[in-house]
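Below is one structure; the comments refer to it alone.
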Amino acid sequence: MKKYVIHGGRPLYGRVEISGAKNAAVGIIPAALLVKGTCRIENIPEISDVNLFLNILRELGAQVRTVNQNTVDVDCASIINRQIPYENGRKIRASYYLLGALLGRFGKAEVPLPGGCDFGGRPIDQHIKGFTALGAKVDVRNGYVYAEAEGGRLKGAQIYLDIVSVGATMNLMMAAALAEGTTIIENAAKEPHIVDLANFLNSMGADITGSGTDIIKIHGVERLTGGEYSIIPDQIEAGTYMAAVAATGGEVRVCGIIPKHMECITAKLVEMGVEVEEEDDSLIVRRNGPLQRTNVKTMPYPGFPTDMQPQIAAVLCLAQGTSVITEGVWDNRYRYTEEFRRLGAKIQVDGKIAIIEGVNQLTGAPMEACDLRAGVAMVIAGLAAQGVSEVSNVGHIERGYENLIGKLSGIGSDIRAVEVPDPEKQPVSAAG
Ligand code: EPU
């Protein structure tokens with residue numbers, strides 16, 4: 001177990017290189033199950049969620065070869081096992097992608113039902129509705145989702161999603177890639193990682209058009225063969241460093257990004273008085289003056305991303321005036337606000353709304369990460385606060401940020417990871 005210790009109150013300067021997108025990687029790696037041949041996947045972030053997925057593929061019988069820190073060769077030609085072990089499958093919420101991939105390739109899948117999470121229930125009714133429309137019988141029992149295509153192969157269908165769901169859109173694209181006939185997904189999600197998954201599948205021989213719009217057409221093909229693919233840069237990781245500079249002040253070049261993907265985040269930071277200059281594949285983020293209040297509403301892409309909501313809240317804690325955040329995607333994504341209050345932040349939460357009254361200064365305190373983005377937002381708040389902060393339970397953060405400590409140290413933060421004893425492994429005292 002580890003915690004981060006932060007000596008805050010230092011502005012950030014320098015350049016930071018952005019890694020491959022977590023939420024693209026956790027879709028593309030299971031999608032390799034659809035391919036009979038070797039997929040070379042480049043720009044994979046080195047994070048624990050990716051390692052878990054690669055281990056699941058190994059357990060299924062895939063050959064996974066590490067080429068370098070961010071490149072793997074995955075060959076799923078000879079999968080021997082199609083049941084995902086319960087413990088591994090439950091550890092990672094995106095394990096639902098294994099359903100679409102296994103169902104598409106073999107006409108059958110058995111995957112543990114993904115658990116809920118700290119910001120609300122995690123229903124998969126839209127995924128199931130789509131698989132059913134494609135001709136699968138889907139059953140949930142004993143903690144597993146069982147899905148089986150009638151006649152052994154899925155059949156193309158028209159699917160209208162009731163909710164704009166990233167996971168359902170990606171899962172149905174995977175399932176339909178090898179189905180017989182054409183599938184049309186309406187009211188599809190449009191996030192950059194949806195387009196990335198479609199591009200990956202197309203580069204392996206799929207026929208998918210319309211990704212990035214709300215109608216995606218998938219003409220099923222007989223087989224997918226191997227190829228090479230490089231994952232897009234992580235929009236949320238880049239936004240997180242932009243928010244860190246906004247909170248602490250300073251000037252940082254955020255490199256290796258797609259500026260178009262950043263517009264929804266850049267626009268809010270500019271409203272708050274942060275300067276953002278675009279140069280090819282980088283953004284220079286500068287904040288010298290005071291931060292101004294603003295309102296933020298999270299929405300599916302191209303709206304402001306829910307996965308940046310806690311980080312922008314950390315910045316708004318230091319803005320002049322009162323800001324209002326409306327969470328438009330998840331039911332309960334404000335658990336971190338209790339921890340922010342320890343630093344002297346003034347935040348009130350009422351259902352999906354948080355009202356933040358900016359203060360002049362935050363002061364360091366211990367905080368406990370409750371999920372990935374909440375945890376990294378606590379790091380940002382700690383970097384901006386005067387004095388020493390600690391963030392514990394950082395396993396949440398390491399699920400999704402490659403080399404966070406190294407990258408933040410590289411732009412002038414005083415942050416280090418410290419091992420802490422696991423209370424469950426401590427000898428029990430005989431006294432008392
Ligand atoms: N929903 C349903 N039924 C479904 C699917 C979703 O009601 O069948 C609801 C959810 O409860 C939620 C909303 O629809 O209220 C949107 O959920 P979505 O399916 O889009 O989320 P997801 O695919 O489970 C991905 C990201 C999340 C990100 C959301 C929204 C991955 C692995 N996860 O989740 O990322 O918050 O999209 O953009 O891609 C993170 O990276 O920290 C993270 C939580």
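By order in the structure tokens, chains are A, B, ...; within a chain, residues start at 1; ligands start at 1, following the order shown.
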
Hey, which residues sit close to ligand 1? Say within 6 Å, counting only C-alpha atoms and all ligand atoms, and write them as a PyMOL selection string. chain A and resi 23+94+121-127+163+165-168+306-307+329-330+372-373

Residue neighbourhood Val274 in chain A, 8 Å, only C-alpha atoms, exclusion window fewer than 3 positions, as a PyMOL selection string: chain A and resi 246+269-271+285-288+291

Smallest atom-to-atom distance to Asn202 in chain A: which of A:Arg105, A:His219, A:Lys190, A:Arg93, using only C-alpha atoms?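 The answer is A:His219, which sits nearest to Asn202 in chain A.
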
Could you give me, as JSON, numbers by chain, the residues within 9 Å of Ala369 in chain A, counting only C-alpha atoms and dropping anything in the same chain fewer than 6 positions from it? {"A": [336, 339, 375, 376, 377, 378, 391, 392, 393, 394, 395, 396, 397]}

Could the residues in this selection be written to a file with C-alpha atoms, as a PDB file, in the first residue's frame?
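Contents of the output file result35.pdb:
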ATOM      1  CA  TYR A 336     -14.379  13.624  -2.818  1.00  0.00           C
ATOM      2  CA  GLU A 339     -11.963  15.376   1.593  1.00  0.00           C
ATOM      3  CA  GLY A 375      -8.046  10.671  -6.163  1.00  0.00           C
ATOM      4  CA  VAL A 376      -6.189  12.657  -8.789  1.00  0.00           C
ATOM      5  CA  ALA A 377      -8.307  15.718  -7.977  1.00  0.00           C
ATOM      6  CA  MET A 378      -7.127  15.379  -4.362  1.00  0.00           C
ATOM      7  CA  VAL A 391      -3.404  11.188  -0.352  1.00  0.00           C
ATOM      8  CA  SER A 392      -3.927   7.572   0.709  1.00  0.00           C
ATOM      9  CA  ASN A 393      -5.540   4.648  -1.146  1.00  0.00           C
ATOM     10  CA  VAL A 394      -3.627   5.621  -4.291  1.00  0.00           C
ATOM     11  CA  GLY A 395      -4.249   2.229  -5.931  1.00  0.00           C
ATOM     12  CA  HIS A 396      -7.324   3.955  -7.367  1.00  0.00           C
ATOM     13  CA  ILE A 397      -5.122   6.591  -9.029  1.00  0.00           C
TER      14      ILE A 397
END

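Excluding Tyr401 in chain A and any residue on its chain fewer than 4 positions from it, the residues at most 10 Å away by only C-alpha atoms are Ile18, Ser19, Gly20, Ala21, Lys22, Pro45, Glu46, Ile47, Ser48, Asp49, Asp234, Ile236, Glu237, Thr240, Leu372, Arg373, Val376, His396, Ile397, Ile405 and Lys407 of chain A.
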
Just-selected residues, C-alpha atoms written as a tab-separated table (two decimals), in the first residue's frame:
chain	number	residue	atom	x	y	z
A	18	ILE	CA	0.73	12.55	-22.35
A	19	SER	CA	0.29	8.75	-22.45
A	20	GLY	CA	-2.14	6.63	-24.45
A	21	ALA	CA	-5.81	6.85	-23.48
A	22	LYS	CA	-6.90	4.49	-20.70
A	45	PRO	CA	-0.47	3.33	-21.03
A	46	GLU	CA	1.41	1.47	-18.30
A	47	ILE	CA	-1.35	1.40	-15.70
A	48	SER	CA	-2.85	-1.31	-13.53
A	49	ASP	CA	-6.18	-1.53	-15.44
A	234	ASP	CA	-5.49	10.44	-23.21
A	236	ILE	CA	-8.50	13.13	-19.51
A	237	GLU	CA	-4.86	12.72	-18.50
A	240	THR	CA	-5.78	16.64	-15.50
A	372	LEU	CA	-9.61	7.29	-9.83
A	373	ARG	CA	-10.59	10.86	-10.80
A	376	VAL	CA	-6.19	12.66	-8.79
A	396	HIS	CA	-7.32	3.95	-7.37
A	397	ILE	CA	-5.12	6.59	-9.03
A	405	ILE	CA	4.68	11.01	-9.62
A	407	LYS	CA	5.45	13.45	-14.53

Report as a list in words: the residues of range 216-250 of chain A with a DSSP assignment of strand (DSSP E), based on the backbone of this structure.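 Across range 216-250 of chain A, those assigned strand (DSSP E) are Ile216, Lys217, Ile218, His219, Gly227, Glu228, Tyr229, Ser230 and Gly250 of chain A.
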
Keeping only all heavy atoms, take the residues you just selected and write them out as a short mmCIF file (atom, residue, chain, number, x, y, z; two decimals), in the first residue's frame.
data_model
loop_
_atom_site.label_atom_id
_atom_site.label_comp_id
_atom_site.auth_asym_id
_atom_site.auth_seq_id
_atom_site.Cartn_x
_atom_site.Cartn_y
_atom_site.Cartn_z
N ILE A 216 -23.90 4.84 -35.93
CA ILE A 216 -22.74 4.04 -36.36
C ILE A 216 -23.25 2.82 -37.12
O ILE A 216 -24.18 2.14 -36.67
CB ILE A 216 -21.91 3.59 -35.13
CG1 ILE A 216 -21.42 4.82 -34.34
CG2 ILE A 216 -20.73 2.73 -35.56
CD1 ILE A 216 -20.62 4.50 -33.09
N LYS A 217 -22.64 2.59 -38.29
CA LYS A 217 -23.05 1.44 -39.12
C LYS A 217 -21.92 0.42 -39.14
O LYS A 217 -20.77 0.77 -39.42
CB LYS A 217 -23.24 1.91 -40.56
CG LYS A 217 -24.67 1.90 -40.99
CD LYS A 217 -24.78 2.12 -42.47
CE LYS A 217 -26.12 2.81 -42.69
NZ LYS A 217 -26.31 3.28 -44.02
N ILE A 218 -22.26 -0.82 -38.87
CA ILE A 218 -21.25 -1.87 -38.85
C ILE A 218 -21.69 -2.96 -39.83
O ILE A 218 -22.72 -3.60 -39.62
CB ILE A 218 -21.11 -2.48 -37.43
CG1 ILE A 218 -20.81 -1.36 -36.42
CG2 ILE A 218 -20.04 -3.55 -37.37
CD1 ILE A 218 -21.69 -1.34 -35.24
N HIS A 219 -20.94 -3.11 -40.92
CA HIS A 219 -21.21 -4.22 -41.83
C HIS A 219 -20.36 -5.39 -41.34
O HIS A 219 -19.13 -5.30 -41.36
CB HIS A 219 -20.81 -3.85 -43.28
CG HIS A 219 -21.59 -2.69 -43.81
ND1 HIS A 219 -22.90 -2.80 -44.23
CD2 HIS A 219 -21.26 -1.38 -43.95
CE1 HIS A 219 -23.33 -1.61 -44.61
NE2 HIS A 219 -22.35 -0.73 -44.45
N GLY A 227 -2.69 -6.75 -37.41
CA GLY A 227 -2.19 -5.47 -37.92
C GLY A 227 -1.54 -4.68 -36.80
O GLY A 227 -1.30 -5.22 -35.71
N GLU A 228 -1.26 -3.40 -37.10
CA GLU A 228 -0.61 -2.53 -36.10
C GLU A 228 -1.51 -1.36 -35.81
O GLU A 228 -2.14 -0.82 -36.73
CB GLU A 228 0.69 -1.97 -36.68
CG GLU A 228 1.83 -2.95 -36.65
CD GLU A 228 3.11 -2.30 -37.17
OE1 GLU A 228 3.23 -1.06 -37.14
OE2 GLU A 228 3.97 -3.08 -37.60
N TYR A 229 -1.56 -0.94 -34.57
CA TYR A 229 -2.41 0.20 -34.23
C TYR A 229 -1.81 0.97 -33.06
O TYR A 229 -1.27 0.37 -32.13
CB TYR A 229 -3.83 -0.28 -33.86
CG TYR A 229 -4.78 0.88 -33.82
CD1 TYR A 229 -5.24 1.46 -35.00
CD2 TYR A 229 -5.14 1.47 -32.61
CE1 TYR A 229 -6.06 2.57 -34.97
CE2 TYR A 229 -5.95 2.59 -32.58
CZ TYR A 229 -6.40 3.13 -33.77
OH TYR A 229 -7.20 4.24 -33.75
N SER A 230 -1.93 2.29 -33.11
CA SER A 230 -1.41 3.12 -32.02
C SER A 230 -2.59 3.85 -31.35
O SER A 230 -3.38 4.52 -32.02
CB SER A 230 -0.39 4.11 -32.58
OG SER A 230 0.10 4.90 -31.55
N GLY A 250 1.58 28.95 -12.97
CA GLY A 250 2.79 28.53 -13.67
C GLY A 250 2.54 28.40 -15.16
O GLY A 250 1.56 28.96 -15.69
#
